[in-house]
Every structure is written in structure tokens, then in C-alpha cells.
$ cat start.pdb   # PDB, C-alpha atoms and all ligand atoms
ATOM      1  CA  MET A 114     -37.995 -69.430 -81.279  1.00  0.00           C
ATOM      2  CA  ARG A 115     -38.711 -68.575 -84.906  1.00  0.00           C
ATOM      3  CA  SER A 116     -35.916 -68.245 -87.399  1.00  0.00           C
ATOM      4  CA  GLU A 117     -35.770 -66.614 -90.809  1.00  0.00           C
ATOM      5  CA  VAL A 118     -35.136 -69.052 -93.650  1.00  0.00           C
ATOM      6  CA  HIS A 119     -33.307 -67.931 -96.746  1.00  0.00           C
ATOM      7  CA  MET A 120     -33.752 -69.735-100.042  1.00  0.00           C
ATOM      8  CA  THR A 121     -30.024 -69.542-100.680  1.00  0.00           C
ATOM      9  CA  ASP A 122     -29.482 -71.992 -97.817  1.00  0.00           C
ATOM     10  CA  HIS A 123     -30.393 -75.660 -97.815  1.00  0.00           C
ATOM     11  CA  PHE A 124     -33.738 -75.775 -96.119  1.00  0.00           C
ATOM     12  CA  GLN A 125     -35.541 -78.404 -94.131  1.00  0.00           C
ATOM     13  CA  ILE A 126     -39.249 -78.561 -93.417  1.00  0.00           C
ATOM     14  CA  ARG A 127     -39.934 -78.806 -89.694  1.00  0.00           C
ATOM     15  CA  ALA A 128     -43.434 -80.241 -90.017  1.00  0.00           C
ATOM     16  CA  ASP A 129     -44.338 -82.976 -92.499  1.00  0.00           C
ATOM     17  CA  LEU A 130     -48.086 -82.679 -92.888  1.00  0.00           C
ATOM     18  CA  HIS A 131     -48.887 -85.515 -95.289  1.00  0.00           C
ATOM     19  CA  THR A 132     -47.710 -88.998 -94.328  1.00  0.00           C
ATOM     20  CA  HIS A 133     -49.174 -92.497 -94.517  1.00  0.00           C
ATOM     21  CA  THR A 134     -48.818 -95.549 -92.310  1.00  0.00           C
ATOM     22  CA  VAL A 135     -49.623 -99.251 -92.533  1.00  0.00           C
ATOM     23  CA  ALA A 136     -53.262 -98.256 -92.006  1.00  0.00           C
ATOM     24  CA  SER A 137     -53.229 -97.523 -95.748  1.00  0.00           C
ATOM     25  CA  THR A 138     -52.202-100.831 -97.239  1.00  0.00           C
ATOM     26  CA  HIS A 139     -49.708 -99.284 -99.645  1.00  0.00           C
ATOM     27  CA  GLY A 140     -48.002 -97.614 -96.680  1.00  0.00           C
ATOM     28  CA  TYR A 141     -45.223 -99.591 -95.005  1.00  0.00           C
ATOM     29  CA  SER A 142     -44.418 -97.985 -91.646  1.00  0.00           C
ATOM     30  CA  THR A 143     -46.138 -97.494 -88.312  1.00  0.00           C
ATOM     31  CA  ILE A 144     -46.988 -94.278 -86.478  1.00  0.00           C
ATOM     32  CA  ASN A 145     -44.048 -94.828 -84.114  1.00  0.00           C
ATOM     33  CA  GLU A 146     -41.671 -95.472 -87.016  1.00  0.00           C
ATOM     34  CA  ASN A 147     -42.871 -92.302 -88.749  1.00  0.00           C
ATOM     35  CA  ALA A 148     -42.430 -90.269 -85.559  1.00  0.00           C
ATOM     36  CA  ALA A 149     -38.925 -91.649 -84.978  1.00  0.00           C
ATOM     37  CA  ALA A 150     -37.956 -90.858 -88.575  1.00  0.00           C
ATOM     38  CA  ALA A 151     -39.330 -87.327 -88.202  1.00  0.00           C
ATOM     39  CA  ARG A 152     -37.285 -86.806 -85.074  1.00  0.00           C
ATOM     40  CA  GLU A 153     -34.127 -88.119 -86.742  1.00  0.00           C
ATOM     41  CA  ARG A 154     -34.676 -85.737 -89.622  1.00  0.00           C
ATOM     42  CA  GLY A 155     -35.017 -82.769 -87.267  1.00  0.00           C
ATOM     43  CA  LEU A 156     -38.773 -82.312 -87.602  1.00  0.00           C
ATOM     44  CA  SER A 157     -40.741 -81.275 -84.542  1.00  0.00           C
ATOM     45  CA  LEU A 158     -44.276 -81.815 -85.837  1.00  0.00           C
ATOM     46  CA  LEU A 159     -45.804 -84.615 -87.879  1.00  0.00           C
ATOM     47  CA  ALA A 160     -49.263 -85.225 -89.302  1.00  0.00           C
ATOM     48  CA  ILE A 161     -50.519 -88.742 -89.915  1.00  0.00           C
ATOM     49  CA  THR A 162     -52.913 -88.628 -92.858  1.00  0.00           C
ATOM     50  CA  ASP A 163     -54.092 -92.022 -94.018  1.00  0.00           C
ATOM     51  CA  HIS A 164     -56.647 -92.290 -96.799  1.00  0.00           C
ATOM     52  CA  GLY A 165     -60.333 -91.576 -96.499  1.00  0.00           C
ATOM     53  CA  PRO A 166     -62.896 -94.347 -97.052  1.00  0.00           C
ATOM     54  CA  ALA A 167     -63.375 -93.866-100.807  1.00  0.00           C
ATOM     55  CA  SER A 168     -59.791 -94.981-101.474  1.00  0.00           C
ATOM     56  CA  PRO A 169     -59.406 -98.711-102.153  1.00  0.00           C
ATOM     57  CA  ASP A 170     -56.747 -99.027 -99.459  1.00  0.00           C
ATOM     58  CA  SER A 171     -58.308 -96.941 -96.715  1.00  0.00           C
ATOM     59  CA  PRO A 172     -58.727 -98.017 -93.105  1.00  0.00           C
ATOM     60  CA  HIS A 173     -62.181 -98.480 -91.581  1.00  0.00           C
ATOM     61  CA  LEU A 174     -63.750 -95.287 -90.234  1.00  0.00           C
ATOM     62  CA  TRP A 175     -63.091 -96.558 -86.720  1.00  0.00           C
ATOM     63  CA  HIS A 176     -59.419 -95.845 -87.411  1.00  0.00           C
ATOM     64  CA  PHE A 177     -60.239 -92.123 -87.278  1.00  0.00           C
ATOM     65  CA  HIS A 178     -62.752 -92.386 -84.443  1.00  0.00           C
ATOM     66  CA  ASN A 179     -60.117 -93.835 -82.137  1.00  0.00           C
ATOM     67  CA  TYR A 180     -57.462 -91.151 -82.633  1.00  0.00           C
ATOM     68  CA  LYS A 181     -58.235 -89.855 -79.139  1.00  0.00           C
ATOM     69  CA  ILE A 182     -56.177 -92.638 -77.543  1.00  0.00           C
ATOM     70  CA  LEU A 183     -52.944 -91.604 -79.269  1.00  0.00           C
ATOM     71  CA  PRO A 184     -50.272 -89.443 -77.596  1.00  0.00           C
ATOM     72  CA  ARG A 185     -50.012 -85.715 -78.323  1.00  0.00           C
ATOM     73  CA  GLU A 186     -46.247 -86.102 -78.697  1.00  0.00           C
ATOM     74  CA  ILE A 187     -44.055 -89.090 -79.544  1.00  0.00           C
ATOM     75  CA  GLY A 188     -40.380 -88.794 -78.654  1.00  0.00           C
ATOM     76  CA  GLY A 189     -40.621 -85.023 -78.625  1.00  0.00           C
ATOM     77  CA  VAL A 190     -42.413 -84.816 -81.990  1.00  0.00           C
ATOM     78  CA  ARG A 191     -45.753 -83.038 -81.846  1.00  0.00           C
ATOM     79  CA  MET A 192     -48.388 -85.198 -83.531  1.00  0.00           C
ATOM     80  CA  LEU A 193     -51.495 -84.325 -85.498  1.00  0.00           C
ATOM     81  CA  TYR A 194     -53.803 -87.200 -86.392  1.00  0.00           C
ATOM     82  CA  GLY A 195     -55.671 -86.486 -89.577  1.00  0.00           C
ATOM     83  CA  VAL A 196     -56.806 -87.769 -92.930  1.00  0.00           C
ATOM     84  CA  GLU A 197     -56.229 -87.408 -96.626  1.00  0.00           C
ATOM     85  CA  ALA A 198     -59.892 -87.227 -97.559  1.00  0.00           C
ATOM     86  CA  ASP A 199     -60.998 -87.918-101.118  1.00  0.00           C
ATOM     87  CA  ILE A 200     -62.845 -85.378-103.209  1.00  0.00           C
ATOM     88  CA  ILE A 201     -65.288 -87.741-104.873  1.00  0.00           C
ATOM     89  CA  ASP A 202     -67.101 -85.613-107.463  1.00  0.00           C
ATOM     90  CA  GLU A 203     -67.233 -82.339-109.364  1.00  0.00           C
ATOM     91  CA  PHE A 204     -69.204 -80.743-106.538  1.00  0.00           C
ATOM     92  CA  GLY A 205     -66.411 -80.928-103.997  1.00  0.00           C
ATOM     93  CA  THR A 206     -68.064 -83.630-101.921  1.00  0.00           C
ATOM     94  CA  LEU A 207     -65.646 -85.367 -99.565  1.00  0.00           C
ATOM     95  CA  ASP A 208     -65.800 -89.030 -98.583  1.00  0.00           C
ATOM     96  CA  MET A 209     -66.132 -88.048 -94.908  1.00  0.00           C
ATOM     97  CA  ASP A 210     -68.873 -85.780 -93.602  1.00  0.00           C
ATOM     98  CA  ALA A 211     -68.481 -83.127 -90.920  1.00  0.00           C
ATOM     99  CA  HIS A 212     -69.099 -85.636 -88.136  1.00  0.00           C
ATOM    100  CA  GLU A 213     -66.404 -88.000 -89.391  1.00  0.00           C
ATOM    101  CA  LEU A 214     -63.969 -85.155 -89.983  1.00  0.00           C
ATOM    102  CA  SER A 215     -64.537 -83.898 -86.458  1.00  0.00           C
ATOM    103  CA  PHE A 216     -62.326 -86.766 -85.249  1.00  0.00           C
ATOM    104  CA  CYS A 217     -59.446 -85.503 -87.383  1.00  0.00           C
ATOM    105  CA  GLU A 218     -56.939 -82.824 -86.441  1.00  0.00           C
ATOM    106  CA  TRP A 219     -55.562 -82.136 -89.911  1.00  0.00           C
ATOM    107  CA  VAL A 220     -57.540 -82.523 -93.127  1.00  0.00           C
ATOM    108  CA  ILE A 221     -56.088 -82.762 -96.618  1.00  0.00           C
ATOM    109  CA  ALA A 222     -58.555 -82.885 -99.500  1.00  0.00           C
ATOM    110  CA  SER A 223     -57.245 -84.615-102.634  1.00  0.00           C
ATOM    111  CA  TYR A 224     -58.505 -85.845-105.958  1.00  0.00           C
ATOM    112  CA  HIS A 225     -57.515 -89.427-106.875  1.00  0.00           C
ATOM    113  CA  THR A 226     -58.501 -91.155-110.106  1.00  0.00           C
ATOM    114  CA  ALA A 227     -59.666 -94.293-108.293  1.00  0.00           C
ATOM    115  CA  CYS A 228     -62.265 -92.293-106.361  1.00  0.00           C
ATOM    116  CA  VAL A 229     -64.094 -90.314-109.055  1.00  0.00           C
ATOM    117  CA  SER A 230     -66.183 -91.142-112.103  1.00  0.00           C
ATOM    118  CA  PHE A 231     -66.910 -87.727-113.640  1.00  0.00           C
ATOM    119  CA  GLU A 232     -65.239 -86.469-116.794  1.00  0.00           C
ATOM    120  CA  ARG A 233     -62.151 -84.629-115.535  1.00  0.00           C
ATOM    121  CA  THR A 234     -62.422 -81.450-117.590  1.00  0.00           C
ATOM    122  CA  PRO A 235     -60.783 -78.244-116.296  1.00  0.00           C
ATOM    123  CA  ALA A 236     -64.226 -76.709-115.793  1.00  0.00           C
ATOM    124  CA  LEU A 237     -65.531 -79.552-113.627  1.00  0.00           C
ATOM    125  CA  VAL A 238     -62.314 -80.050-111.643  1.00  0.00           C
ATOM    126  CA  SER A 239     -62.199 -76.299-111.016  1.00  0.00           C
ATOM    127  CA  GLN A 240     -65.781 -76.356-109.832  1.00  0.00           C
ATOM    128  CA  GLY A 241     -64.954 -79.216-107.484  1.00  0.00           C
ATOM    129  CA  TYR A 242     -62.004 -77.339-106.007  1.00  0.00           C
ATOM    130  CA  ARG A 243     -64.082 -74.183-105.562  1.00  0.00           C
ATOM    131  CA  ARG A 244     -66.701 -76.138-103.642  1.00  0.00           C
ATOM    132  CA  VAL A 245     -64.042 -77.725-101.422  1.00  0.00           C
ATOM    133  CA  CYS A 246     -63.069 -74.172-100.474  1.00  0.00           C
ATOM    134  CA  GLU A 247     -66.493 -73.842 -98.836  1.00  0.00           C
ATOM    135  CA  ASN A 248     -65.696 -76.673 -96.411  1.00  0.00           C
ATOM    136  CA  PRO A 249     -64.294 -75.094 -93.232  1.00  0.00           C
ATOM    137  CA  LEU A 250     -62.811 -78.386 -92.026  1.00  0.00           C
ATOM    138  CA  VAL A 251     -60.338 -78.684 -94.914  1.00  0.00           C
ATOM    139  CA  ASP A 252     -56.827 -77.390 -94.168  1.00  0.00           C
ATOM    140  CA  VAL A 253     -54.843 -78.352 -97.278  1.00  0.00           C
ATOM    141  CA  ILE A 254     -55.509 -78.994-100.967  1.00  0.00           C
ATOM    142  CA  GLY A 255     -53.476 -82.133-101.673  1.00  0.00           C
ATOM    143  CA  HIS A 256     -51.175 -82.397-104.704  1.00  0.00           C
ATOM    144  CA  PRO A 257     -53.051 -80.031-107.071  1.00  0.00           C
ATOM    145  CA  THR A 258     -50.443 -80.730-109.740  1.00  0.00           C
ATOM    146  CA  THR A 259     -51.419 -84.104-111.110  1.00  0.00           C
ATOM    147  CA  ALA A 260     -51.984 -84.166-114.856  1.00  0.00           C
ATOM    148  CA  MET A 261     -55.093 -86.310-114.304  1.00  0.00           C
ATOM    149  CA  PHE A 262     -56.998 -83.384-112.761  1.00  0.00           C
ATOM    150  CA  PRO A 263     -56.431 -80.259-114.881  1.00  0.00           C
ATOM    151  CA  PHE A 264     -57.978 -77.065-113.545  1.00  0.00           C
ATOM    152  CA  ASP A 265     -58.057 -73.338-114.198  1.00  0.00           C
ATOM    153  CA  CYS A 266     -55.030 -72.544-112.107  1.00  0.00           C
ATOM    154  CA  GLU A 267     -55.127 -68.800-111.672  1.00  0.00           C
ATOM    155  CA  PRO A 268     -58.723 -68.249-110.476  1.00  0.00           C
ATOM    156  CA  VAL A 269     -58.824 -71.458-108.440  1.00  0.00           C
ATOM    157  CA  LEU A 270     -55.538 -70.795-106.657  1.00  0.00           C
ATOM    158  CA  LYS A 271     -56.845 -67.342-105.741  1.00  0.00           C
ATOM    159  CA  CYS A 272     -59.942 -69.061-104.397  1.00  0.00           C
ATOM    160  CA  PHE A 273     -57.744 -71.325-102.215  1.00  0.00           C
ATOM    161  CA  LYS A 274     -56.032 -68.257-100.801  1.00  0.00           C
ATOM    162  CA  GLU A 275     -59.286 -66.427-100.075  1.00  0.00           C
ATOM    163  CA  ALA A 276     -60.658 -69.507 -98.317  1.00  0.00           C
ATOM    164  CA  GLY A 277     -57.480 -69.969 -96.258  1.00  0.00           C
ATOM    165  CA  LYS A 278     -56.663 -73.357 -97.781  1.00  0.00           C
ATOM    166  CA  LEU A 279     -52.975 -74.215 -97.950  1.00  0.00           C
ATOM    167  CA  VAL A 280     -51.750 -75.380-101.353  1.00  0.00           C
ATOM    168  CA  GLU A 281     -49.566 -78.461-101.202  1.00  0.00           C
ATOM    169  CA  ILE A 282     -46.318 -79.104-102.980  1.00  0.00           C
ATOM    170  CA  ASN A 283     -46.017 -82.860-102.855  1.00  0.00           C
ATOM    171  CA  GLU A 284     -42.596 -84.487-103.143  1.00  0.00           C
ATOM    172  CA  SER A 285     -44.039 -87.911-104.012  1.00  0.00           C
ATOM    173  CA  SER A 286     -46.037 -86.470-106.917  1.00  0.00           C
ATOM    174  CA  LEU A 287     -42.981 -84.706-108.265  1.00  0.00           C
ATOM    175  CA  ARG A 288     -41.028 -87.925-108.068  1.00  0.00           C
ATOM    176  CA  TRP A 289     -43.529 -90.431-109.357  1.00  0.00           C
ATOM    177  CA  LYS A 290     -46.448 -88.777-111.198  1.00  0.00           C
ATOM    178  CA  PRO A 291     -45.918 -88.000-114.888  1.00  0.00           C
ATOM    179  CA  GLY A 292     -46.438 -84.326-115.673  1.00  0.00           C
ATOM    180  CA  ALA A 293     -46.514 -83.210-112.042  1.00  0.00           C
ATOM    181  CA  LEU A 294     -43.208 -81.382-112.231  1.00  0.00           C
ATOM    182  CA  GLU A 295     -44.290 -79.212-115.169  1.00  0.00           C
ATOM    183  CA  ASN A 296     -47.681 -78.539-113.579  1.00  0.00           C
ATOM    184  CA  ALA A 297     -45.995 -77.680-110.303  1.00  0.00           C
ATOM    185  CA  LYS A 298     -43.921 -75.005-111.998  1.00  0.00           C
ATOM    186  CA  THR A 299     -47.126 -73.318-113.139  1.00  0.00           C
ATOM    187  CA  VAL A 300     -48.890 -73.700-109.793  1.00  0.00           C
ATOM    188  CA  TYR A 301     -46.015 -72.420-107.703  1.00  0.00           C
ATOM    189  CA  ARG A 302     -45.189 -69.554-110.039  1.00  0.00           C
ATOM    190  CA  LEU A 303     -48.761 -68.381-109.511  1.00  0.00           C
ATOM    191  CA  CYS A 304     -48.510 -68.953-105.753  1.00  0.00           C
ATOM    192  CA  LYS A 305     -45.458 -66.712-105.713  1.00  0.00           C
ATOM    193  CA  GLN A 306     -47.158 -64.089-107.888  1.00  0.00           C
ATOM    194  CA  TYR A 307     -50.294 -63.942-105.738  1.00  0.00           C
ATOM    195  CA  GLU A 308     -48.637 -64.547-102.355  1.00  0.00           C
ATOM    196  CA  ILE A 309     -50.486 -67.810-101.770  1.00  0.00           C
ATOM    197  CA  PRO A 310     -49.191 -69.789 -98.760  1.00  0.00           C
ATOM    198  CA  ILE A 311     -48.099 -73.358 -99.442  1.00  0.00           C
ATOM    199  CA  VAL A 312     -47.030 -76.412 -97.475  1.00  0.00           C
ATOM    200  CA  LEU A 313     -44.231 -78.639 -98.666  1.00  0.00           C
ATOM    201  CA  ASN A 314     -45.032 -82.256 -97.800  1.00  0.00           C
ATOM    202  CA  THR A 315     -43.533 -85.633 -98.636  1.00  0.00           C
ATOM    203  CA  ASP A 316     -46.679 -87.800 -98.806  1.00  0.00           C
ATOM    204  CA  ALA A 317     -44.312 -90.450 -97.464  1.00  0.00           C
ATOM    205  CA  HIS A 318     -45.558 -94.041 -97.555  1.00  0.00           C
ATOM    206  CA  TYR A 319     -42.370 -95.215 -95.839  1.00  0.00           C
ATOM    207  CA  ALA A 320     -40.742 -93.721 -92.751  1.00  0.00           C
ATOM    208  CA  GLY A 321     -37.379 -93.228 -94.449  1.00  0.00           C
ATOM    209  CA  LEU A 322     -38.936 -90.712 -96.833  1.00  0.00           C
ATOM    210  CA  ILE A 323     -40.340 -88.402 -94.153  1.00  0.00           C
ATOM    211  CA  GLY A 324     -39.002 -84.872 -94.353  1.00  0.00           C
ATOM    212  CA  VAL A 325     -36.990 -85.629 -97.510  1.00  0.00           C
ATOM    213  CA  THR A 326     -37.816 -83.091-100.245  1.00  0.00           C
ATOM    214  CA  PRO A 327     -34.976 -82.644-102.760  1.00  0.00           C
ATOM    215  CA  LEU A 328     -37.131 -82.207-105.893  1.00  0.00           C
ATOM    216  CA  ALA A 329     -39.476 -79.698-104.296  1.00  0.00           C
ATOM    217  CA  GLU A 330     -36.539 -77.847-102.837  1.00  0.00           C
ATOM    218  CA  GLN A 331     -34.893 -77.534-106.248  1.00  0.00           C
ATOM    219  CA  LEU A 332     -38.136 -76.411-107.828  1.00  0.00           C
ATOM    220  CA  LEU A 333     -38.742 -73.734-105.215  1.00  0.00           C
ATOM    221  CA  ARG A 334     -35.152 -72.580-105.425  1.00  0.00           C
ATOM    222  CA  ASP A 335     -35.359 -72.288-109.227  1.00  0.00           C
ATOM    223  CA  LEU A 336     -38.482 -70.155-108.823  1.00  0.00           C
ATOM    224  CA  ASP A 337     -36.838 -68.105-106.074  1.00  0.00           C
ATOM    225  CA  PHE A 338     -39.952 -68.852-104.071  1.00  0.00           C
ATOM    226  CA  PRO A 339     -40.332 -66.722-100.919  1.00  0.00           C
ATOM    227  CA  ALA A 340     -39.529 -68.824 -97.852  1.00  0.00           C
ATOM    228  CA  ARG A 341     -42.109 -66.959 -95.768  1.00  0.00           C
ATOM    229  CA  LEU A 342     -44.873 -68.463 -97.955  1.00  0.00           C
ATOM    230  CA  ILE A 343     -43.764 -72.039 -97.125  1.00  0.00           C
ATOM    231  CA  VAL A 344     -45.699 -72.344 -93.902  1.00  0.00           C
ATOM    232  CA  ASN A 345     -44.216 -75.599 -92.621  1.00  0.00           C
ATOM    233  CA  LEU A 346     -40.628 -74.398 -92.614  1.00  0.00           C
ATOM    234  CA  ASP A 347     -41.657 -73.288 -89.120  1.00  0.00           C
ATOM    235  CA  ALA A 348     -43.499 -75.961 -87.118  1.00  0.00           C
ATOM    236  CA  ASP A 349     -44.747 -73.367 -84.655  1.00  0.00           C
ATOM    237  CA  ARG A 350     -46.866 -71.789 -87.387  1.00  0.00           C
ATOM    238  CA  ILE A 351     -48.625 -75.122 -87.826  1.00  0.00           C
ATOM    239  CA  ALA A 352     -49.000 -75.583 -84.074  1.00  0.00           C
ATOM    240  CA  ASP A 353     -50.537 -72.112 -83.891  1.00  0.00           C
ATOM    241  CA  MET A 354     -52.987 -72.987 -86.646  1.00  0.00           C
ATOM    242  CA  ALA A 355     -53.963 -76.209 -84.875  1.00  0.00           C
ATOM    243  CA  ALA A 356     -54.468 -74.306 -81.644  1.00  0.00           C
ATOM    244  CA  GLN A 357     -56.582 -71.583 -83.197  1.00  0.00           C
ATOM    245  CA  LYS A 358     -58.721 -73.795 -85.386  1.00  0.00           C
ATOM    246  CA  ARG A 359     -59.178 -76.880 -83.225  1.00  0.00           C
ATOM    247  CA  GLY A 360     -57.979 -75.900 -79.776  1.00  0.00           C
ATOM    248  CA  ILE A 361     -55.077 -78.364 -79.859  1.00  0.00           C
ATOM    249  CA  ARG A 362     -52.504 -77.710 -77.150  1.00  0.00           C
ATOM    250  CA  PHE A 363     -48.990 -79.059 -77.206  1.00  0.00           C
ATOM    251  CA  HIS A 364     -46.594 -78.994 -74.310  1.00  0.00           C
ATOM    252  CA  ASP A 365     -43.797 -76.468 -74.541  1.00  0.00           C
ATOM    253  CA  CYS A 366     -41.724 -77.787 -77.395  1.00  0.00           C
ATOM    254  CA  ASN A 367     -39.225 -75.501 -79.018  1.00  0.00           C
ATOM    255  CA  ASP A 368     -38.585 -75.863 -82.716  1.00  0.00           C
TER     256      ASP A 368
HETATM  257 ZN    ZN B   1     -52.997 -88.414-102.537  1.00  0.00          ZN
HETATM  258 ZN    ZN B   2     -51.148 -89.275 -99.696  1.00  0.00          ZN
END
$ encode --input "start.pdb" --output "C-alpha cells" --more "lines below"
Ligand SMILES: [Zn+2]
Ligand SMILES: [Zn+2]
Amino acid sequence: MRSEVHMTDHFQIRADLHTHTVASTHGYSTINENAAAARERGLSLLAITDHGPASPDSPHLWHFHNYKILPREIGGVRMLYGVEADIIDEFGTLDMDAHELSFCEWVIASYHTACVSFERTPALVSQGYRRVCENPLVDVIGHPTTAMFPFDCEPVLKCFKEAGKLVEINESSLRWKPGALENAKTVYRLCKQYEIPIVLNTDAHYAGLIGVTPLAEQLLRDLDFPARLIVNLDADRIADMAAQKRGIRFHDCND
């Protein structure tokens, strides 16, 4: 059952699509703890996205290879087992190739300062993002608001839309990364202007933060951002995407 969400109401994401666990050493909760927190918060879908191998705190690649043993649902929460892959250069190269990514059910591609060595000019970061758009396995562009990776917002955001990549609004960045809030205003104003779909994620590194998005909510409300462009306000839209792209089937599970 899908429901219309109005920006005048308090809103709650129903799918948190960027969360970490103890598999990333600066994450502090387990998969089961994350799933329980999601359920408590009223979410019906959760993606586990620990860091790719270029990050200093990433799990071994076997972590991703073994996802097949994990349950499709935990306590009624539909689960996607994925990765926050690192974009490691100005050519959009990821730290996991197509074979490695084939084990993942949800792929975020993010720039992190610890994982790159090129000079982070807008031209080179933009080029990197454009090349990521050519990778069919990437679902989401992670936190494209950090001041450390400036890019040419308007043309690159249009490129994300054309390539079907979801643009992330990241609660953790807004809360803890200097400059992210101002950059986010620019990015999301353009997303509204050009009708670019976004996902609103927590990037939680602790279960208690899953589904909690007060700063992003305020930002989107201030911009009068159209609710229909926030894809994960409706978990079924994500489930549909997972089904179409990767053939993932959940049991009947109403949102
Ligand atoms: Zn990140
Ligand atoms: Zn993250």
C-alpha cells in the first residue's frame, strides 16, 4: 500500500539505504542490532553498506562474498546486503570490480579523502563522477556534498539523473562534515529544479541513529523539496528497484 507524503507533515524514511556495522571498525553495531533498530523506528527495508577495500577500516572481501548466507528479512525488515564502494581516482574507478560487486545487492559509490591521491579540483572530481555514471552496478552516489570533493554541480547532477543514479542526502555528513550543509543546499536546490530523484540516508555507524534524519528533514522542508523525489520515503519503491535490477524477491511485506 503506497501512501502520499506531504512535506508539511513530519516524515519518516521507510528504507535506510546507507548503514554500517562492526564490520567497519568505526561502526559499533551488528546487523541484527541495525535491523532491530530499523524495525523500532518503523522502517521496513534496510541496506547494510560497509566500506569497500580501499577504506582503512574495511572488512576483507570475503565479507561481501558470504552475503548469501544472510536472511532476506530480519524481524520483518527486508534486508539488502551491499557496500559503500570507494571511488579511488579521477577516472571513476571503484575499489571493487564487477565480479566483486556482483555479490552486493546495493551499491553506493563515494569519494573519501583517505582513498584518493589526485588533486581534488572541480574538473577532476566532476570527471570522476561522470565516469562512475557509466558503471551499471552503482545505485547511489554517496554524500556528494562534502567540501573536500568540489564538483560542477549542475552538469554532473544532470548526468546522475540521466544515468539513473540516485543522489544521496546524508544525515551524518550534514551533522559532522564542515561545509556539507551549505553544499547540500546547492545540490538539493538543483535536484528540485531538475527533478532528480534522491535518497535520504543516515550513514549510521550506530544502530540508534538508523532512520533518524532531523537535519535533512529540515533542509528539505526549507527547500520545499517534492516528497515524490525522495525515493526511500516508500520502501516498496526500493524493493521494486531491487527486484528489477537484481531479481531480488522479498516475501509479501506491506510497508
Ligand atoms: Zn562515506
Ligand atoms: Zn558510510
$ closest_residue --input "start.pdb" --among "A:Asn248, A:Thr134, A:Asn296, A:Thr206" --to "ligand ZN 2 (chain B)" --atoms "all atoms listed in the file"
A:Thr134
$ residues_near_ligand --input "start.pdb" --ligand "ligand ZN 2 (chain B)" --cutoff "9 Å" --atoms "all atoms listed in the file" --output "JSON, numbers by chain"
{"A": [131, 132, 133, 162, 163, 164, 196, 197, 221, 223, 255, 256, 283, 285, 315, 316, 317, 318]}
$ closest_residue --input "start.pdb" --among "A:Ser157, A:Ser286, A:Asn145, A:Asn179" --to "ligand ZN 1 (chain B)" --atoms "only C-alpha atoms and all ligand atoms"
A:Ser286
$ resolve_selection --input "start.pdb" --expression "the PyMOL selection byres (((chain A and resi 321) around 12) and not hetatm)" --output "count of residues only"
27
$ residues_around --input "start.pdb" --residues "region 228-234 of chain A" --least-positions-apart "6" --cutoff "8 Å" --atoms "only C-alpha atoms" --output "number ranges by chain"
A: 167-168, 199-203, 261-264
$ residues_around --input "start.pdb" --residues "Gln240 (chain A)" --least-positions-apart "3" --cutoff "7 Å" --atoms "all atoms listed in the file" --output "VMD selection string"
chain A and resid 203 to 204 236 to 237 243 to 244
$ write_last_selection --input "start.pdb" --atoms "C-alpha atoms" --output "PDB file, in the coordinates of the input"
ATOM      1  CA  GLU A 203     -67.233 -82.339-109.364  1.00  0.00           C
ATOM      2  CA  PHE A 204     -69.204 -80.743-106.538  1.00  0.00           C
ATOM      3  CA  ALA A 236     -64.226 -76.709-115.793  1.00  0.00           C
ATOM      4  CA  LEU A 237     -65.531 -79.552-113.627  1.00  0.00           C
ATOM      5  CA  ARG A 243     -64.082 -74.183-105.562  1.00  0.00           C
ATOM      6  CA  ARG A 244     -66.701 -76.138-103.642  1.00  0.00           C
TER       7      ARG A 244
END
$ resolve_selection --input "start.pdb" --expression "the PyMOL selection byres (((chain A and resi 304) around 9) and not hetatm)" --output "list in words"
Glu267, Leu270, Lys271, Val280, Thr299, Val300, Tyr301, Arg302, Leu303, Lys305, Gln306, Tyr307, Glu308, Ile309, Pro310, Ile311, Phe338 and Leu342 of chain A
$ atom_distance --input "start.pdb" --atom1 "CA of Phe124 (chain A)" --atom2 "CA of Leu193 (chain A)"
22.4 Å
$ residues_around --input "start.pdb" --residues "Ala211 (chain A)" --least-positions-apart "5" --cutoff "12 Å" --atoms "all atoms listed in the file" --output "PyMOL selection string"
chain A and resi 198+206+216-217+220+248-251
$ atom_distance --input "start.pdb" --atom1 "CA of Asp347 (chain A)" --atom2 "CA of Asp129 (chain A)"
10.6 Å
$ resolve_selection --input "start.pdb" --expression "the PyMOL selection byres (((chain A and resi 186) around 12) and not hetatm)" --output "VMD selection string"
chain A and resid 144 to 145 148 to 149 151 to 152 157 to 160 182 to 185 187 to 194 361 to 366
$ atom_distance --input "start.pdb" --atom1 "CA of Ser137 (chain A)" --atom2 "CA of Pro172 (chain A)"
6.1 Å
$ axis_aligned_box --input "start.pdb" --around "region 351-362 of chain A" --padding-each-side "6 Å" --output "JSON"
{"center_x": -53.9, "center_y": -75.0, "center_z": -82.5, "size_x": 22.6, "size_y": 18.8, "size_z": 22.7}
$ residues_around --input "start.pdb" --residues "Arg350 (chain A)" --least-positions-apart "2" --cutoff "12 Å" --atoms "all atoms listed in the file" --output "list in words"
Met114, Arg115, Ser116, Ile126, Arg127, Ala128, Ser157, Leu158, Pro310, Val312, Arg341, Leu342, Ile343, Val344, Asn345, Leu346, Asp347, Ala348, Ala352, Asp353, Met354, Ala355, Ala356, Gln357, Asn367 and Asp368 of chain A
$ build_atoms --input "start.pdb" --residues "region 214-222 of chain A" --atoms "N, CA and C atoms" --output "mmCIF file, keeping the file's coordinate frame"
data_model
loop_
_atom_site.group_PDB
_atom_site.id
_atom_site.type_symbol
_atom_site.label_atom_id
_atom_site.label_comp_id
_atom_site.auth_asym_id
_atom_site.auth_seq_id
_atom_site.Cartn_x
_atom_site.Cartn_y
_atom_site.Cartn_z
ATOM 1 N N LEU A 214 -65.165 -86.014 -89.982
ATOM 2 C CA LEU A 214 -63.969 -85.155 -89.983
ATOM 3 C C LEU A 214 -63.705 -84.525 -88.626
ATOM 4 N N SER A 215 -64.725 -84.504 -87.782
ATOM 5 C CA SER A 215 -64.537 -83.898 -86.458
ATOM 6 C C SER A 215 -63.563 -84.711 -85.601
ATOM 7 N N PHE A 216 -63.298 -85.951 -85.982
ATOM 8 C CA PHE A 216 -62.326 -86.766 -85.249
ATOM 9 C C PHE A 216 -60.889 -86.475 -85.708
ATOM 10 N N CYS A 217 -60.769 -85.720 -86.767
ATOM 11 C CA CYS A 217 -59.446 -85.503 -87.383
ATOM 12 C C CYS A 217 -58.900 -84.123 -87.035
ATOM 13 N N GLU A 218 -57.596 -84.067 -86.863
ATOM 14 C CA GLU A 218 -56.939 -82.824 -86.441
ATOM 15 C C GLU A 218 -56.231 -82.108 -87.602
ATOM 16 N N TRP A 219 -56.215 -82.730 -88.739
ATOM 17 C CA TRP A 219 -55.562 -82.136 -89.911
ATOM 18 C C TRP A 219 -56.196 -82.781 -91.126
ATOM 19 N N VAL A 220 -56.763 -81.972 -92.014
ATOM 20 C CA VAL A 220 -57.540 -82.523 -93.127
ATOM 21 C C VAL A 220 -56.976 -82.040 -94.464
ATOM 22 N N ILE A 221 -56.503 -83.006 -95.233
ATOM 23 C CA ILE A 221 -56.088 -82.762 -96.618
ATOM 24 C C ILE A 221 -57.240 -83.228 -97.508
ATOM 25 N N ALA A 222 -57.547 -82.459 -98.520
ATOM 26 C CA ALA A 222 -58.555 -82.885 -99.500
ATOM 27 C C ALA A 222 -57.867 -83.075 -100.838
#
